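Source file: upload10.txt. Holds: compact mmCIF, C-alpha atoms and all ligand atoms.
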# COMPACT_ATOMS: atom_id res chain seq x y z
CA MET A 4 10.48 180.50 68.49
CA TYR A 5 13.51 180.83 66.21
CA ASP A 6 11.16 181.74 63.36
CA MET A 7 13.95 183.14 61.15
CA LEU A 8 15.16 179.60 60.43
CA CYS A 9 13.82 177.42 57.59
CA LYS A 10 11.31 174.73 58.45
CA GLY A 11 13.02 171.53 59.64
CA CYS A 12 16.32 173.27 60.39
CA GLY A 13 18.48 171.52 63.00
CA HIS A 14 19.54 174.83 64.57
CA ARG A 15 16.06 175.20 66.07
CA THR A 16 16.27 171.82 67.80
CA ALA A 17 19.84 172.42 68.96
CA MET A 18 19.12 175.81 70.48
CA SER A 19 15.92 174.55 72.11
CA ILE A 20 17.96 171.83 73.85
CA ILE A 21 20.48 174.41 75.06
CA ASP A 22 17.64 176.69 76.26
CA ARG A 23 16.13 173.82 78.23
CA ILE A 24 19.41 172.96 79.93
CA ILE A 25 20.16 176.58 80.83
CA LYS A 26 16.69 176.85 82.35
CA GLU A 27 17.15 173.59 84.30
CA TYR A 28 20.48 174.80 85.69
CA GLY A 29 19.00 178.24 86.50
CA ILE A 30 21.97 179.96 84.84
CA LYS A 31 20.23 182.32 82.41
CA GLU A 32 21.67 185.44 84.06
CA LYS A 33 25.26 184.21 83.90
CA THR A 34 25.15 182.68 80.41
CA ILE A 35 26.41 184.32 77.24
CA VAL A 36 26.29 182.65 73.82
CA PHE A 37 28.86 183.45 71.16
CA LEU A 38 27.39 182.74 67.73
CA ASP A 39 29.10 182.36 64.41
CA VAL A 40 27.72 184.36 61.52
CA ALA A 41 25.76 182.57 58.78
CA CYS A 42 22.68 180.60 59.77
CA CYS A 43 23.68 180.62 63.47
CA SER A 44 23.06 184.36 63.45
CA LEU A 45 19.39 183.77 62.68
CA LEU A 46 19.01 182.66 66.29
CA MET A 47 20.06 186.01 67.73
CA ASP A 48 16.75 187.79 67.98
CA ASP A 49 15.07 185.00 69.92
CA ILE A 50 17.78 184.00 72.39
CA GLU A 51 16.62 185.08 75.85
CA TYR A 52 20.04 185.64 77.37
CA ASP A 53 23.13 187.57 76.32
CA ASP A 54 24.57 186.75 72.92
CA VAL A 55 27.32 188.04 70.67
CA MET A 56 27.77 187.45 66.93
CA CYS A 57 31.38 186.75 65.98
CA PRO A 58 33.28 186.98 62.68
CA HIS A 59 33.09 183.80 60.65
CA GLY A 60 35.21 181.04 62.18
CA ARG A 61 36.36 183.17 65.11
CA VAL A 62 33.82 182.04 67.73
CA LEU A 63 36.36 180.15 69.82
CA ASP A 64 38.82 183.04 69.84
CA VAL A 65 36.19 185.56 70.89
CA SER A 66 34.81 183.15 73.50
CA ARG A 67 38.31 182.55 74.91
CA GLY A 68 39.02 186.25 75.21
CA TYR A 69 35.76 186.83 77.04
CA LYS A 70 36.20 183.81 79.31
CA MET A 71 39.68 185.00 80.31
CA LEU A 72 38.11 188.22 81.60
CA ARG A 73 34.88 186.78 83.02
CA LYS A 74 35.63 183.40 84.58
CA ASP A 75 32.29 183.62 86.43
CA LYS A 76 30.30 183.42 83.17
CA VAL A 77 28.94 180.34 81.40
CA VAL A 78 30.32 180.88 77.90
CA ILE A 79 28.73 178.89 75.10
CA SER A 80 30.46 178.78 71.72
CA TYR A 81 27.93 177.91 69.01
CA MET A 82 29.01 177.43 65.41
CA GLY A 83 28.55 175.48 62.21
CA ASP A 84 30.93 172.93 60.77
CA GLY A 85 32.39 175.27 58.16
CA ALA A 86 33.34 177.74 60.87
CA ALA A 87 34.49 175.12 63.37
CA TYR A 88 36.39 172.71 61.16
CA ALA A 89 37.61 174.85 58.25
CA ILE A 90 37.92 178.57 58.90
CA GLY A 91 38.26 178.07 62.66
CA ILE A 92 40.22 174.81 62.75
CA GLU A 93 43.34 176.53 64.12
CA GLU A 94 41.64 177.81 67.27
CA MET A 95 39.81 174.49 67.59
CA ILE A 96 43.13 172.59 67.73
CA HIS A 97 44.82 174.98 70.14
CA SER A 98 41.79 175.30 72.43
CA ALA A 99 41.73 171.49 72.65
CA ARG A 100 45.50 171.28 73.08
CA GLU A 101 45.25 173.64 76.07
CA ASN A 102 42.04 172.04 77.36
CA PHE A 103 40.81 175.61 77.61
CA ASP A 104 37.42 176.23 79.29
CA ILE A 105 35.16 175.94 76.25
CA PHE A 106 31.56 174.73 75.99
CA ALA A 107 31.26 174.24 72.25
CA ILE A 108 28.34 173.13 70.10
CA VAL A 109 29.04 172.39 66.43
CA ILE A 110 26.21 171.96 63.95
CA ASN A 111 27.28 169.48 61.28
CA ASN A 112 25.14 169.61 58.17
CA GLY A 113 28.10 169.23 55.82
CA LEU A 114 27.59 172.62 54.24
CA TYR A 115 28.10 176.36 54.38
CA SER A 116 24.36 176.77 54.44
CA MET A 117 23.68 180.48 54.43
CA THR A 118 25.85 181.15 51.40
CA GLY A 119 24.13 178.54 49.28
CA GLY A 120 25.40 175.12 50.31
CA GLN A 121 29.11 175.08 49.49
CA PHE A 122 30.77 171.95 50.87
CA ALA A 123 32.30 172.01 54.35
CA PRO A 124 35.08 169.52 55.28
CA THR A 125 32.30 167.36 56.71
CA PHE A 126 30.39 166.91 53.45
CA THR A 127 30.07 163.21 52.68
CA GLY A 128 29.14 163.53 49.05
CA ILE A 129 25.72 162.10 49.76
CA ASP A 130 23.05 164.31 48.36
CA ARG A 131 19.78 163.67 46.68
CA LYS A 132 21.13 162.84 43.25
CA ASN A 133 23.85 160.41 44.34
CA ILE A 134 22.21 158.79 47.33
CA ASP A 135 22.02 155.51 45.42
CA SER A 136 25.29 155.85 43.57
CA ASP A 137 28.47 153.85 43.96
CA LYS A 138 29.65 154.81 47.46
CA SER A 139 33.28 154.48 46.40
CA GLU A 140 32.84 157.74 44.51
CA LEU A 141 31.76 159.56 47.62
CA ASN A 142 33.78 161.52 50.12
CA PHE A 143 33.69 159.09 53.06
CA ASP A 144 37.44 158.76 53.51
CA LYS A 145 38.09 162.47 53.22
CA VAL A 146 35.63 163.95 55.68
CA LEU A 147 36.94 165.56 58.83
CA LYS A 148 35.93 163.47 61.86
CA ILE A 149 36.57 165.58 64.91
CA GLU A 150 37.11 162.56 67.20
CA ASN A 151 40.11 161.54 65.08
CA LEU A 152 41.57 165.00 65.18
CA LEU A 153 41.14 165.66 68.92
CA LYS A 154 41.77 162.22 70.40
CA SER A 155 45.39 162.94 71.27
CA PHE A 156 44.47 165.96 73.40
CA ASN A 157 43.54 165.91 77.07
CA ILE A 158 40.04 167.37 76.64
CA ASN A 159 37.14 166.78 79.04
CA TYR A 160 34.18 165.92 76.82
CA LEU A 161 33.53 164.98 73.19
CA ALA A 162 30.35 163.54 71.70
CA ARG A 163 28.41 163.35 68.48
CA CYS A 164 24.61 163.13 68.24
CA ALA A 165 22.00 163.48 65.50
CA LEU A 166 18.99 165.80 65.47
CA THR A 167 16.59 163.45 63.75
CA ASP A 168 13.95 161.46 65.64
CA LYS A 169 12.86 161.53 69.29
CA GLU A 170 15.38 158.89 70.36
CA ASN A 171 18.28 160.79 68.83
CA ILE A 172 17.10 164.17 70.09
CA ASP A 173 16.71 162.74 73.60
CA PHE A 174 20.27 161.40 73.35
CA SER A 175 21.44 164.85 72.20
CA TYR A 176 19.83 166.36 75.28
CA GLU A 177 21.51 163.79 77.56
CA CYS A 178 24.92 164.44 76.02
CA ILE A 179 24.68 168.23 76.15
CA LYS A 180 23.44 168.05 79.73
CA LYS A 181 26.42 165.85 80.66
CA GLN A 182 28.67 168.28 78.77
CA MET A 183 27.24 171.14 80.84
CA ASP A 184 27.71 169.18 84.05
CA ILE A 185 31.39 168.57 83.29
CA TYR A 186 31.90 172.17 82.15
CA MET A 187 30.28 173.55 85.32
CA ARG A 188 32.22 171.23 87.66
CA LYS A 189 35.68 171.34 86.17
CA GLY A 190 35.74 173.39 82.97
CA GLY A 191 38.09 172.31 80.23
CA PHE A 192 37.38 171.79 76.55
CA CYS A 193 33.92 170.23 76.05
CA LEU A 194 32.36 169.76 72.62
CA THR A 195 29.22 168.15 71.25
CA GLU A 196 28.74 167.87 67.51
CA LEU A 197 25.16 167.62 66.26
CA ILE A 198 24.44 166.14 62.83
CA SER A 199 21.66 168.33 61.60
CA PRO A 200 19.20 168.54 58.73
CA CYS A 201 19.30 171.45 56.30
CA PRO A 202 16.39 170.62 53.97
CA THR A 203 16.75 173.90 52.11
CA ASN A 204 20.23 173.23 50.76
CA TYR A 205 19.83 169.47 50.36
CA LYS A 206 16.66 170.34 48.39
CA MET A 207 14.67 167.66 50.20
CA THR A 208 11.59 167.44 52.33
CA ILE A 209 12.27 167.42 56.05
CA LYS A 210 11.53 163.68 56.19
CA GLU A 211 13.85 162.91 53.27
CA ASN A 212 16.65 164.84 54.95
CA ILE A 213 16.13 163.07 58.27
CA ASP A 214 16.05 159.68 56.52
CA LEU A 215 19.27 160.61 54.70
CA ILE A 216 20.97 161.28 58.03
CA ASP A 217 19.61 158.17 59.74
CA GLU A 218 20.22 155.75 56.87
CA ASN A 219 23.41 157.13 55.31
CA ILE A 220 25.25 159.95 57.04
CA LYS A 221 25.23 158.20 60.43
CA GLN A 222 27.14 155.35 58.79
CA VAL A 223 29.95 157.79 58.08
CA TYR A 224 29.81 159.67 61.37
CA LYS A 225 29.67 157.49 64.45
CA ILE A 226 27.15 158.60 67.07
CA GLY A 227 28.17 158.47 70.71
CA GLU A 228 30.40 159.82 73.44
CA PHE A 229 34.12 159.62 72.66
CA ILE A 230 35.64 161.33 75.71
CA VAL A 231 33.99 161.75 79.13
CA LYS A 232 36.08 162.90 82.11
S1 LIG B 1 19.70 177.17 55.08
FE1 LIG B 1 19.81 175.22 56.23
S2 LIG B 1 20.99 175.65 58.10
FE2 LIG B 1 20.32 177.63 57.24
S3 LIG B 1 18.37 178.12 58.28
FE3 LIG B 1 17.85 177.04 56.38
S4 LIG B 1 17.71 174.83 56.94
FE4 LIG B 1 18.81 175.94 58.60
Would you mind writing the structure in this file as C-alpha cells?
Amino acid sequence: MYDMLCKGCGHRTAMSIIDRIIKEYGIKEKTIVFLDVACCSLLMDDIEYDDVMCPHGRVLDVSRGYKMLRKDKVVISYMGDGAAYAIGIEEMIHSARENFDIFAIVINNGLYSMTGGQFAPTFTGIDRKNIDSDKSELNFDKVLKIENLLKSFNINYLARCALTDKENIDFSYECIKKQMDIYMRKGGFCLTELISPCPTNYKMTIKENIDLIDENIKQVYKIGEFIVK
C-alpha cells in the first residue's frame, strides 16, 4: 500500500491512520480527499475513496469551494508544510479566522521534499551535518509554529503529533480520531500537524531520521493538543 512513497516516509503512516478512521466511521462513500501536489500526490493511486489533486498550496481553497457546494461530504484537506504554511498560508489564516468547515492534515518534515529538499518555514536547521553543532546557529526561533499563529482564532481543533514510534503513532491516531469526531459533530476548522520523517532528503536511515525527530525536532515543536472544543 502506498508503494510510490520512499521507504520510511511519514506520508504512508499518516494516510494509513486516516484510512483506518474512515473505515471505523463507515464514511468511505461520502469522503473526498483533496491532496496537494508534490509527495502528497504519490498517494493518489492507492487511496480507496474519491480524491482530487490540487495546485500547490491551494488545497484549502479547493476544499472550501467543494465543501460550499457539498455540505454532505466529509472533505479532507491533506498537504505538506511548504504548501500549508508558505504558499498556502493566506488561505490557512482566513479559513481559521472564519472557523470554516475544514478537516486538515499537515505533514511537517521541514522541507519541500519532492523538489529536492528546499527548506519550508518549518525547517529547524537540524540536519545530519549540524545535529551536534551549536544550537544557537540553528533556526529554532524562526520556525513557523502553527499554534502561535492560530491561537487568536476561534477554531475547533488543533494538535501536533509525531510519526515516529508506536506510542507517538498511537497518539496521532487518537488525535486524528478526536479531530474527526469534532468535525463530524460540529464542523469548524480542525487541524492536526504530523511531524514526519523524510529519510530521502535528510539523507539518513529511517532510524536516524526517527531519532532526530524524537531527540531534537520534538524539542522545537511541542507535541500535544492545543485547542479542543
Ligand atoms: S521524498 Fe520524503 S516526503 Fe517524499 S516520498 Fe520520499 S520520504 Fe516521503
Query raised in the report: Which residue, A:Ser199, A:Gln222, A:Thr127, A:Thr34, has the smallest gap to Asp75 of chain A when you use all atoms listed in the file?
Result: A:Thr34
Query - For Ala107 of chain A, the nearest of the candidates A:Asp48, A:Glu196, A:Glu93, A:Asp144, counting all atoms listed in the file - result: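 Smallest separation from Ala107 of chain A among the options: A:Glu196.
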Query raised in the report: Which one of A:Ile198, A:Met117, A:Ala89, A:Leu161 sits closest to ligand LIG 1 (chain B) if you count all atoms listed in the file?
Result: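 The closest residue to ligand LIG 1 (chain B) is A:Met117.
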Around all listed atoms of segment 42-60 of chain A, padded 8 Å per side, what centre and edge lengths does the axis-aligned box have in Å to one decimal, as AutoDock Vina command-line options?
--center_x 25.1 --center_y 184.3 --center_z 68.6 --size_x 36.1 --size_y 23.4 --size_z 33.6
Report task. Return the single residue from A:Phe192, A:Phe103, A:Tyr205, A:Phe156 that is closest to ligand LIG 1 (chain B), with distances computed using only C-alpha atoms and all ligand atoms. Result ->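 Among the listed residues, A:Tyr205 lies closest to ligand LIG 1 (chain B).
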Query raised in the report: Any idea what's packed within 10 Å of Glu150 of chain A, counting all atoms listed in the file, ignoring anything in its chain fewer than 5 positions away? Could you give it as number ranges by chain?
Result: A: 155, 161-163, 196, 224-225, 228-230
Same residues, C-alpha atoms, saved as an mmCIF file, in the frame of the given file:
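File produced: selection-v6.cif:
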data_model
loop_
_atom_site.group_PDB
_atom_site.id
_atom_site.type_symbol
_atom_site.label_atom_id
_atom_site.label_comp_id
_atom_site.auth_asym_id
_atom_site.auth_seq_id
_atom_site.Cartn_x
_atom_site.Cartn_y
_atom_site.Cartn_z
ATOM 1 C CA SER A 155 45.390 162.940 71.270
ATOM 2 C CA LEU A 161 33.530 164.980 73.190
ATOM 3 C CA ALA A 162 30.350 163.540 71.700
ATOM 4 C CA ARG A 163 28.410 163.350 68.480
ATOM 5 C CA GLU A 196 28.740 167.870 67.510
ATOM 6 C CA TYR A 224 29.810 159.670 61.370
ATOM 7 C CA LYS A 225 29.670 157.490 64.450
ATOM 8 C CA GLU A 228 30.400 159.820 73.440
ATOM 9 C CA PHE A 229 34.120 159.620 72.660
ATOM 10 C CA ILE A 230 35.640 161.330 75.710
#
Distance table requested - chain A against ligand LIG 1 (chain B), cut-off 6 Å, all atoms listed in the file: one row per qualifying residue with the closest atom pair and its distance in Å to one decimal, ordered by chain and rising residue number, as JSON lines.
{"residue": "A:Leu8", "atom": "CA", "partner": "B:LIG1", "partner_atom": "S3", "distance": 4.1}
{"residue": "A:Cys9", "atom": "CA", "partner": "B:LIG1", "partner_atom": "FE3", "distance": 4.2}
{"residue": "A:Cys12", "atom": "CA", "partner": "B:LIG1", "partner_atom": "S4", "distance": 4.0}
{"residue": "A:Cys42", "atom": "CA", "partner": "B:LIG1", "partner_atom": "FE2", "distance": 4.6}
{"residue": "A:Ser116", "atom": "CA", "partner": "B:LIG1", "partner_atom": "S1", "distance": 4.7}
{"residue": "A:Met117", "atom": "CA", "partner": "B:LIG1", "partner_atom": "S1", "distance": 5.2}
{"residue": "A:Cys201", "atom": "CA", "partner": "B:LIG1", "partner_atom": "S4", "distance": 3.8}
{"residue": "A:Pro202", "atom": "CA", "partner": "B:LIG1", "partner_atom": "S4", "distance": 5.3}
{"residue": "A:Thr203", "atom": "CA", "partner": "B:LIG1", "partner_atom": "S4", "distance": 5.0}
{"residue": "A:Asn204", "atom": "CA", "partner": "B:LIG1", "partner_atom": "FE1", "distance": 5.8}
Query raised in the report: Around (14.5, 171.4, 76.5) in the file's frame, which residues reach within 12 Å when counting only C-alpha atoms? Return as a ChimeraX atom specification?
Result: /A:15-28,172-177,179-180
Query raised in the report: From the set A:Met4, A:Ile90, A:Lys181, A:Lys10, which residue has the shortest atom-to-atom contact distance to Lys210 of chain A, counting all atoms listed in the file?
Result: A:Lys10
